[in-house]
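Taking it in order: structure first as structure tokens, then the write-up.
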Amino acid sequence: MFLTNHDVVELTAWRQKLHAMPEISGEEVATAAEVIAFLAETAPDKVLSGLGNTGVAAVFNGAEAGPTVLFRCELDALPIEEISDIPHRSRLSGKGHMCGHDGHTATIAALARGFAKARPKRGRVVLLFQPAEETGAGAAAVMADPRFAEITPDYAFSLHNLPGLPLGHVWLKEGIVNCASRGLKITLTGKTAHASMPETGTSPMRAIAGLMPALTDLSGGSVAGGDLVLATVGHVRLGEPAFGIAPGYAELWVTLRTTTNDQMQALVDAAEHLAQQAADAGGLALAMDYHEIFSHCDNHPDAVEKLRAALDAEGVTHEPGEALRASEDFGRFGEVSRSAMFYLGAGEKHPSLHNPDYDFPDDLIPIGARVLMRTARDLLG
């Protein structure tokens, strides 16, 4: 174990500090500053800040030529009000680390302490603290940054905690591990009217009411079967919050999800067709636009084998597990490298991700760090 007890105590305290100061996607300025300050004592050979907006990358060089190995975590929190009474609960109303990115950040930061003590023998390690994972924009922004060319990896690794899985137990498999998804915003515009004379306007009420079950009914299949189709209505707005006005405007937000990227277009076409039918039937103007576009995440067999060897060497229990419906923008790094992500159990009865009472289990920091450090040493010495 490369971390001392003192290291673990300090990393835990730092993780809890991050938990109390959550910043949502694209706003991770203070969190990035905390990362840079933490990294300073480990003296990386290079630090890139402001990467893809607020991202940070720390580079540790080996003495000999070799591959570039990237370890990635996420900086952002969620727009969720925390309801727990833990001492380190969020100090910011309406924002909380309800996905565990604070814990992932502490785990990757732990690696910096290890490489400060002993650089890799060959190649180089890149520790990437990525912004805006929750919106799907962060990985794409980092990769679009011209400076990413300086750190483009041969291998990329990441982890994510997973409530429902026994504490410290790992799921790791080849192939698809996260689904593709995107948010579709449907806007229907008619004409407002006095509530006493709704016939003088054009209301989107019937259109929006019919669209919700119609879109949901597009769902079917499963991740395990490789044919998941899922449409989830997440938000609806109809008219104004007033009793005297018949509505003339409506919005419907729906998340479209498929197992793979190439299955998405058929779902998009079906959803857009339903929206157009509803608009035409109601005499409404229609607008549609897309947000938070995630590619599927595909674990490369070679990268998976490297993680398996590390898990075995560190005595961490693991099994293939299953792909998740959830999306994850780490999949984009698979476009330029051999990449793999594993899931680290947060406990069978632990609150679920994105629940308002979720908190990252600090016991996972040394476990995750051991596995990733072993992976790095196996590849780079």
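Starting from 1 in every chain, residues are counted up; chains themselves are A, B, ... following the order of the structure tokens, and ligands are numbered from 1 as listed.
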Could you give me, as a PDB file with C-alpha atoms, in the first residue's frame, the residues within 10 Å of Thr375 (chain A), counting only C-alpha atoms and dropping anything in the same chain fewer than 6 positions from it?
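Below is the file around-v5.pdb, written as the result:
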ATOM      1  CA  VAL A  69      -1.551   6.401 -19.126  1.00  0.00           C
ATOM      2  CA  PHE A 157      -8.808   4.399 -16.850  1.00  0.00           C
ATOM      3  CA  ALA A 303      -7.525  -2.133 -20.824  1.00  0.00           C
ATOM      4  CA  GLU A 305      -7.214  -7.109 -18.756  1.00  0.00           C
ATOM      5  CA  LYS A 306      -4.835  -4.570 -17.201  1.00  0.00           C
ATOM      6  CA  LEU A 307      -7.431  -3.700 -14.557  1.00  0.00           C
ATOM      7  CA  ARG A 308      -8.224  -7.363 -13.880  1.00  0.00           C
ATOM      8  CA  ALA A 309      -4.570  -8.099 -13.228  1.00  0.00           C
ATOM      9  CA  ALA A 310      -4.397  -5.164 -10.810  1.00  0.00           C
ATOM     10  CA  LEU A 311      -7.550  -6.260  -8.977  1.00  0.00           C
ATOM     11  CA  ALA A 313      -2.801  -8.506  -7.381  1.00  0.00           C
ATOM     12  CA  ALA A 369      -6.234   4.172  -5.341  1.00  0.00           C
ATOM     13  CA  GLY A 381       7.063   0.346 -13.718  1.00  0.00           C
TER      14      GLY A 381
END
For region 164-259 of chain A versus region 348-365 of chain A, which residues have an atom no more than 10 Å away, and what is each residue's nearest atom pair and distance in Å rounded to one decimal, using only C-alpha atoms, chain-then-number order, as a tab-separated table?
residue	atom	partner	partner_atom	distance
A:Gly164	CA	A:Glu348	CA	3.9
A:Leu165	CA	A:Glu348	CA	5.0
A:Pro166	CA	A:Glu348	CA	5.0
A:Leu167	CA	A:Glu348	CA	7.1
A:Gly168	CA	A:Leu364	CA	6.4
A:His169	CA	A:Leu364	CA	9.9
Suppose we keep N, CA and C atoms; can you now write the selection as a PDB file, in the first residue's frame?
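The new file result21.pdb reads:
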ATOM      1  N   GLY A 164     -25.482  -0.395  -3.944  1.00  0.00           N
ATOM      2  CA  GLY A 164     -26.168  -1.635  -4.261  1.00  0.00           C
ATOM      3  C   GLY A 164     -25.217  -2.795  -4.416  1.00  0.00           C
ATOM      4  N   LEU A 165     -23.954  -2.492  -4.673  1.00  0.00           N
ATOM      5  CA  LEU A 165     -22.901  -3.500  -4.773  1.00  0.00           C
ATOM      6  C   LEU A 165     -22.158  -3.520  -3.437  1.00  0.00           C
ATOM      7  N   PRO A 166     -21.775  -4.709  -2.923  1.00  0.00           N
ATOM      8  CA  PRO A 166     -21.093  -4.763  -1.630  1.00  0.00           C
ATOM      9  C   PRO A 166     -19.886  -3.831  -1.577  1.00  0.00           C
ATOM     10  N   LEU A 167     -19.645  -3.254  -0.419  1.00  0.00           N
ATOM     11  CA  LEU A 167     -18.576  -2.276  -0.246  1.00  0.00           C
ATOM     12  C   LEU A 167     -17.236  -2.864  -0.684  1.00  0.00           C
ATOM     13  N   GLY A 168     -16.571  -2.196  -1.614  1.00  0.00           N
ATOM     14  CA  GLY A 168     -15.261  -2.623  -2.066  1.00  0.00           C
ATOM     15  C   GLY A 168     -15.268  -3.701  -3.126  1.00  0.00           C
ATOM     16  N   HIS A 169     -16.438  -4.222  -3.465  1.00  0.00           N
ATOM     17  CA  HIS A 169     -16.564  -5.246  -4.503  1.00  0.00           C
ATOM     18  C   HIS A 169     -16.602  -4.545  -5.864  1.00  0.00           C
TER      19      HIS A 169
END
Can you list, as a PyMOL selection string, every protein, DNA or RNA residue that comes within 10 Å of Phe38 (chain A) when you count only C-alpha atoms, leaving out same-chain residues fewer than 6 positions away? chain A and resi 11+14+32+106+109-110+112-113
Compile a residue-level contact table for region 279-320 of chain A against region 234-251 of chain A at a cut-off of 12 Å, reporting for every qualifying residue the shortest atom pair and its distance in Å to one decimal, with only C-alpha atoms counted, rows ordered by chain and ascending number, as CSV.
residue,atom,partner,partner_atom,distance
A:Ala279,CA,A:Ala250,CA,11.0
A:Gly282,CA,A:Gly248,CA,11.2
A:Gly283,CA,A:Gly248,CA,11.2
A:Leu284,CA,A:Gly248,CA,9.0
A:Ala285,CA,A:Tyr249,CA,9.5
A:Leu286,CA,A:Ala250,CA,10.0
A:Ala287,CA,A:Glu251,CA,9.6
A:Met288,CA,A:Glu251,CA,9.7
A:Asp289,CA,A:Glu251,CA,11.3
Would you pick out the contacts of Leu218 (chain A) at 12 Å or less, using only C-alpha atoms, so that residues sharing its chain but fewer than 2 positions from it are not included, and give the list as a ChimeraX atom specification? /A:211-216,220-221,228-233,254-258,266-274
To one decimal place, how far is CA of Gly175 (chain A) from CA of Leu324 (chain A) in Å?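 Going from CA of Gly175 (chain A) over to CA of Leu324 (chain A), I get 11.7 Å.
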Option closest in space to Thr152 (chain A), from A:Arg119, A:Val126, A:Ala140, A:Met98 [counting only C-alpha atoms]: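 Among the listed residues, the smallest separation from Thr152 (chain A) belongs to A:Val126.
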Counting only C-alpha atoms, which residue out of A:Trp171, A:Glu319, A:Glu34, A:Pro366 sits closest to Leu111 (chain A)? A:Pro366
Any idea what the distance is between CA of Leu162 (chain A) and CA of Ala30 (chain A)?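 Separation between CA of Leu162 (chain A) and CA of Ala30 (chain A): 26.3 Å.
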